[in-house]
$ cat work-v7.cif   # mmCIF, C-alpha atoms
data_target
#
loop_
_atom_site.label_atom_id
_atom_site.label_comp_id
_atom_site.auth_asym_id
_atom_site.auth_seq_id
_atom_site.Cartn_x
_atom_site.Cartn_y
_atom_site.Cartn_z
CA MET A 8 8.12 -43.71 101.97
CA ARG A 9 7.23 -47.27 102.86
CA PHE A 10 6.83 -50.10 100.39
CA TYR A 11 3.15 -50.59 101.20
CA GLU A 12 2.51 -46.94 100.32
CA PHE A 13 3.36 -47.37 96.66
CA ALA A 14 2.91 -51.14 96.29
CA PRO A 15 -0.70 -50.87 95.00
CA THR A 16 0.57 -48.89 92.01
CA LEU A 17 2.89 -51.73 90.96
CA LYS A 18 1.45 -54.06 88.37
CA PRO A 19 2.17 -57.75 88.65
CA ILE A 20 4.47 -58.93 85.89
CA LYS A 21 2.94 -61.65 83.76
CA PRO A 22 5.15 -64.33 82.26
CA LEU A 23 5.67 -63.95 78.53
CA ASN A 24 4.38 -66.53 76.14
CA PRO A 25 7.02 -68.08 73.83
CA ALA A 26 6.34 -65.68 70.95
CA GLN A 27 6.58 -62.63 73.19
CA ALA A 28 9.71 -64.01 74.83
CA ARG A 29 11.34 -64.44 71.42
CA ILE A 30 10.50 -60.86 70.46
CA ALA A 31 11.87 -59.56 73.77
CA SER A 32 15.02 -61.59 73.28
CA LEU A 33 15.52 -60.25 69.75
CA LYS A 34 15.05 -56.68 70.98
CA GLN A 35 17.69 -57.22 73.66
CA GLN A 36 20.08 -58.69 71.08
CA LYS A 37 19.51 -55.68 68.82
CA GLU A 38 20.24 -53.25 71.65
CA ARG A 39 23.33 -55.21 72.67
CA ALA A 40 24.58 -55.28 69.07
CA GLY A 41 24.02 -51.53 68.78
CA ARG A 42 26.07 -50.89 71.92
CA LEU A 43 28.85 -53.16 70.68
CA LEU A 44 28.88 -51.43 67.31
CA LYS A 45 29.13 -47.99 68.92
CA ALA A 46 31.91 -49.18 71.22
CA GLU A 47 33.89 -50.62 68.30
CA LYS A 48 33.49 -47.43 66.25
CA ASP A 49 34.66 -45.36 69.22
CA ARG A 50 37.63 -47.69 69.74
CA GLN A 51 38.67 -47.39 66.11
CA LYS A 52 38.26 -43.62 66.19
CA GLN A 53 40.48 -43.38 69.27
CA GLN A 54 43.08 -45.66 67.70
CA LYS A 55 43.17 -43.49 64.57
CA ALA A 56 43.56 -40.35 66.70
CA ARG A 57 46.44 -41.95 68.63
CA GLN A 58 48.17 -42.82 65.36
CA LYS A 59 47.79 -39.24 64.10
CA ILE A 60 49.25 -37.91 67.36
CA GLN A 61 52.14 -40.35 67.15
CA ILE A 62 52.90 -39.34 63.54
CA ALA A 63 52.74 -35.66 64.47
CA GLN A 64 55.13 -36.20 67.38
CA GLN A 65 57.56 -38.10 65.15
CA THR A 66 57.41 -35.29 62.59
CA LEU A 67 58.09 -32.68 65.25
CA ALA A 68 61.02 -34.71 66.57
CA LYS A 69 62.54 -34.88 63.09
CA VAL A 70 62.07 -31.15 62.51
CA GLY A 71 63.54 -30.31 65.90
CA LYS A 72 66.85 -32.04 65.15
#

$ encode --input "work-v7.cif" --output "structure tokens"
Amino acid sequence: MRFYEFAPTLKPIKPLNPAQARIASLKQQKERAGRLLKAEKDRQKQQKARQKIQIAQQTLAKVGK
């Protein structure tokens, strides 16, 4: 498919006025903060799981002696 075949369906993008730009910026910040929060929760969950595995391995090593 060529660009000119679907180009008429594309709408021109209008520049945002300052109020709209601020809202768009705040939405992007919210999304970014949400992703960072999820990543941090996942990181902490993985760290806790690693600690549990390490404790279990230490316990097994002590029992095996």

$ atom_distance --input "work-v7.cif" --atom1 "atom CA of Leu23 of chain A" --atom2 "atom CA of Gln35 of chain A"
14.6 Å

$ atom_distance --input "work-v7.cif" --atom1 "atom CA of Asn24 of chain A" --atom2 "atom CA of Glu38 of chain A"
21.2 Å

$ atom_distance --input "work-v7.cif" --atom1 "atom CA of Arg39 of chain A" --atom2 "atom CA of Gln58 of chain A"
28.7 Å

$ axis_aligned_box --input "work-v7.cif" --around "segment 43-52 of chain A" --padding-each-side "4 Å" --output "JSON"
{"center_x": 33.8, "center_y": -48.4, "center_z": 68.7, "size_x": 17.8, "size_y": 17.5, "size_z": 13.1}
